[in-house]
Amino acid sequence: MFGKKLRERERQSVMTLYPPQILHDLNSHHIFLDTGVFITASKSESFVDFLVKLKNDANCSLTTIPSVVFEFTNGSESLEKYNARTESLNSLVDSVNPVTFLNNIQDFYVVMAKINDQNKSYTDFLLAACLYNYRRSKIALLTTDLKAFPSFYPRTHVVTVEQDRTKAIINLAIYKFDGKGYASAAERALRENKSE
């Protein structure tokens, strides 16, 4: 009995902190989730509650991409572990975007190759491409990679999570796409490309 009360008290002290206006600011957005989001969710019930709040209270749609599914399930030691990870991921997302638009955004490839060449992550590239491709929609990215994206992906909010079991503090951020910033960066990158 005492152990149960102690665990309940410990659980109550573990929390996810976010700015109160985030639910208003992200109202009706489609939010892409990176691998770190699912890892954090697997270690923090309060963070899962936050994601559910985004879906229910802010009417957000949560989505991801196949390479994130691969990264999150990679290393599963058994079929049961793989199925558990897949089930937990599927319980959070509304869809997995197949990322079939890549042939339509060649300019984006060139710009990212010039500006974000220090980041070699294909998954980060695909998530950035999703925000670029759907830029005319209400779209955002929730990620643990706080330095993975160039400046035309401004950080709009920070979410701080204390993990239940490890008590580790994890910061996640919401990023959006800035069309004007991209246009400026693209102009410079494409001009440099022509002069080579």
# chains A, B, ... in the order shown; residues from 1 in each chain; ligands from 1
call {"tool": "select_by_dssp", "arguments": {"residues": "range 17-171 of chain A", "states": "helix (DSSP H, G or I)", "output": "ChimeraX atom specification"}}
result
/A:22-25,35-43,45-57,66-73,79-92,102-104,106-115,122-133
call {"tool": "select_by_dssp", "arguments": {"residues": "range 26-171 of chain A", "states": "strand (DSSP E)", "output": "compact mmCIF listing (two decimals) with N, CA and C atoms, in the first residue's frame"}}
result
# COMPACT_ATOMS: atom_id res chain seq x y z
N HIS A 30 -1.53 19.89 -38.80
CA HIS A 30 -1.00 18.54 -39.03
C HIS A 30 0.42 18.58 -38.48
N ILE A 31 0.72 17.73 -37.53
CA ILE A 31 2.02 17.76 -36.88
C ILE A 31 2.77 16.46 -37.18
N PHE A 32 3.93 16.62 -37.84
CA PHE A 32 4.80 15.47 -38.09
C PHE A 32 5.61 15.20 -36.83
N LEU A 33 5.81 13.92 -36.53
CA LEU A 33 6.55 13.50 -35.34
C LEU A 33 7.81 12.77 -35.76
N SER A 61 -3.86 16.76 -36.08
CA SER A 61 -3.65 15.45 -36.65
C SER A 61 -2.17 15.13 -36.50
N LEU A 62 -1.84 14.00 -35.91
CA LEU A 62 -0.45 13.59 -35.72
C LEU A 62 -0.08 12.58 -36.79
N THR A 63 1.06 12.80 -37.42
CA THR A 63 1.49 11.93 -38.50
C THR A 63 3.00 11.72 -38.41
N THR A 64 3.48 10.75 -39.14
CA THR A 64 4.91 10.50 -39.24
C THR A 64 5.22 9.94 -40.61
N SER A 95 -1.91 8.93 -39.17
CA SER A 95 -1.51 8.39 -40.47
C SER A 95 0.01 8.35 -40.56
N VAL A 96 0.48 7.57 -41.53
CA VAL A 96 1.90 7.54 -41.90
C VAL A 96 1.96 8.06 -43.33
N ILE A 139 0.86 23.27 -40.94
CA ILE A 139 1.76 22.13 -40.77
C ILE A 139 2.87 22.49 -39.78
N ALA A 140 3.32 21.50 -39.01
CA ALA A 140 4.42 21.71 -38.07
C ALA A 140 5.15 20.40 -37.85
N LEU A 141 6.29 20.49 -37.20
CA LEU A 141 7.11 19.33 -36.86
C LEU A 141 7.41 19.37 -35.38
N LEU A 142 7.23 18.25 -34.69
CA LEU A 142 7.63 18.10 -33.29
C LEU A 142 8.82 17.15 -33.29
N THR A 143 9.95 17.63 -32.74
CA THR A 143 11.19 16.86 -32.82
C THR A 143 12.07 17.06 -31.58
N ARG A 155 11.92 27.79 -34.81
CA ARG A 155 11.37 27.10 -33.65
C ARG A 155 10.28 28.00 -33.06
N THR A 156 9.09 27.46 -32.88
CA THR A 156 7.98 28.27 -32.37
C THR A 156 7.64 27.98 -30.91
N HIS A 157 7.88 26.76 -30.45
CA HIS A 157 7.57 26.39 -29.08
C HIS A 157 8.57 25.34 -28.60
N VAL A 158 8.78 25.30 -27.29
CA VAL A 158 9.60 24.26 -26.67
C VAL A 158 8.73 23.52 -25.67
N VAL A 159 8.86 22.21 -25.67
CA VAL A 159 8.15 21.33 -24.74
C VAL A 159 9.22 20.61 -23.93
N THR A 160 9.11 20.66 -22.61
CA THR A 160 10.08 20.02 -21.73
C THR A 160 9.42 18.84 -21.02
N VAL A 161 10.08 17.69 -21.11
CA VAL A 161 9.51 16.45 -20.57
C VAL A 161 10.48 15.86 -19.55
N GLU A 162 9.95 15.50 -18.39
CA GLU A 162 10.72 14.70 -17.43
C GLU A 162 10.24 13.26 -17.59
N ILE A 169 15.60 14.84 -18.31
CA ILE A 169 14.86 15.97 -18.86
C ILE A 169 15.15 16.03 -20.36
N ILE A 170 14.10 16.03 -21.15
CA ILE A 170 14.21 16.06 -22.61
C ILE A 170 13.49 17.31 -23.12
N ASN A 171 14.14 18.05 -23.99
CA ASN A 171 13.50 19.19 -24.65
C ASN A 171 13.14 18.79 -26.08
call {"tool": "residues_around", "arguments": {"residues": "Phe177 in chain A", "least_positions_apart": "3", "cutoff": "9 Å", "atoms": "only C-alpha atoms", "output": "ChimeraX atom specification"}}
result
/A:128,131-132,135,139-140,152-154,181-182
call {"tool": "closest_residue", "arguments": {"among": "A:Ser76, A:Ser28, A:Asn133, A:Asn97", "to": "Cys60 in chain A", "atoms": "only C-alpha atoms"}}
result
A:Ser28
call {"tool": "closest_residue", "arguments": {"among": "A:Gln118, A:Leu23, A:Gln106, A:Thr144", "to": "Asn59 in chain A", "atoms": "only C-alpha atoms"}}
result
A:Leu23
call {"tool": "residues_around", "arguments": {"residues": "Phe38 in chain A", "least_positions_apart": "6", "cutoff": "10 Å", "atoms": "only C-alpha atoms", "output": "PDB file with N, CA and C atoms, in the first residue's frame"}}
result
ATOM      1  N   SER A  44       7.422   8.365 -21.006  1.00  0.00           N
ATOM      2  CA  SER A  44       6.737   9.418 -20.249  1.00  0.00           C
ATOM      3  C   SER A  44       5.241   9.438 -20.514  1.00  0.00           C
ATOM      4  N   PHE A  47       3.902  12.946 -21.227  1.00  0.00           N
ATOM      5  CA  PHE A  47       4.113  13.388 -22.596  1.00  0.00           C
ATOM      6  C   PHE A  47       3.060  12.784 -23.524  1.00  0.00           C
ATOM      7  N   VAL A  48       2.716  11.524 -23.300  1.00  0.00           N
ATOM      8  CA  VAL A  48       1.629  10.907 -24.072  1.00  0.00           C
ATOM      9  C   VAL A  48       0.340  11.695 -23.832  1.00  0.00           C
ATOM     10  N   VAL A  68      10.757   7.050 -39.962  1.00  0.00           N
ATOM     11  CA  VAL A  68      10.617   7.185 -38.503  1.00  0.00           C
ATOM     12  C   VAL A  68      10.096   5.878 -37.915  1.00  0.00           C
ATOM     13  N   VAL A  69       9.124   5.274 -38.582  1.00  0.00           N
ATOM     14  CA  VAL A  69       8.613   3.974 -38.126  1.00  0.00           C
ATOM     15  C   VAL A  69       9.763   2.968 -38.079  1.00  0.00           C
ATOM     16  N   GLU A  71      13.061   3.607 -37.799  1.00  0.00           N
ATOM     17  CA  GLU A  71      14.009   3.941 -36.730  1.00  0.00           C
ATOM     18  C   GLU A  71      13.468   3.568 -35.356  1.00  0.00           C
ATOM     19  N   PHE A  72      12.162   3.787 -35.136  1.00  0.00           N
ATOM     20  CA  PHE A  72      11.585   3.492 -33.821  1.00  0.00           C
ATOM     21  C   PHE A  72      11.491   1.990 -33.560  1.00  0.00           C
ATOM     22  N   THR A  73      11.203   1.214 -34.593  1.00  0.00           N
ATOM     23  CA  THR A  73      11.059  -0.235 -34.391  1.00  0.00           C
ATOM     24  C   THR A  73      12.371  -0.985 -34.584  1.00  0.00           C
ATOM     25  N   ARG A  85       6.043  -2.018 -30.096  1.00  0.00           N
ATOM     26  CA  ARG A  85       6.479  -0.691 -30.546  1.00  0.00           C
ATOM     27  C   ARG A  85       5.587  -0.169 -31.662  1.00  0.00           C
ATOM     28  N   SER A  88       2.237   0.911 -30.175  1.00  0.00           N
ATOM     29  CA  SER A  88       2.290   2.186 -29.446  1.00  0.00           C
ATOM     30  C   SER A  88       2.416   3.356 -30.417  1.00  0.00           C
ATOM     31  N   LEU A  89       3.194   3.198 -31.486  1.00  0.00           N
ATOM     32  CA  LEU A  89       3.305   4.252 -32.499  1.00  0.00           C
ATOM     33  C   LEU A  89       1.955   4.481 -33.169  1.00  0.00           C
ATOM     34  N   LEU A  92      -0.704   6.573 -31.424  1.00  0.00           N
ATOM     35  CA  LEU A  92      -0.532   8.021 -31.365  1.00  0.00           C
ATOM     36  C   LEU A  92      -0.805   8.723 -32.690  1.00  0.00           C
ATOM     37  N   THR A 143       9.953  17.628 -32.737  1.00  0.00           N
ATOM     38  CA  THR A 143      11.193  16.858 -32.822  1.00  0.00           C
ATOM     39  C   THR A 143      12.066  17.060 -31.584  1.00  0.00           C
ATOM     40  N   THR A 144      12.938  16.092 -31.349  1.00  0.00           N
ATOM     41  CA  THR A 144      13.958  16.225 -30.308  1.00  0.00           C
ATOM     42  C   THR A 144      15.257  16.758 -30.892  1.00  0.00           C
TER      43      THR A 144
END
call {"tool": "residues_around", "arguments": {"residues": "Ser151 in chain A", "least_positions_apart": "5", "cutoff": "12 Å", "atoms": "only C-alpha atoms", "output": "list of chain:residue names"}}
result
A:Met112, A:Ile115, A:Asn116, A:Ala128, A:Leu146, A:Thr156, A:Tyr175, A:Lys176, A:Phe177, A:Asp178, A:Gly179, A:Lys180, A:Gly181, A:Tyr182, A:Ala183, A:Ser184, A:Ala185
call {"tool": "atom_distance", "arguments": {"atom1": "CA of Asn27 in chain A", "atom2": "CA of Ala58 in chain A"}}
result
4.6 Å
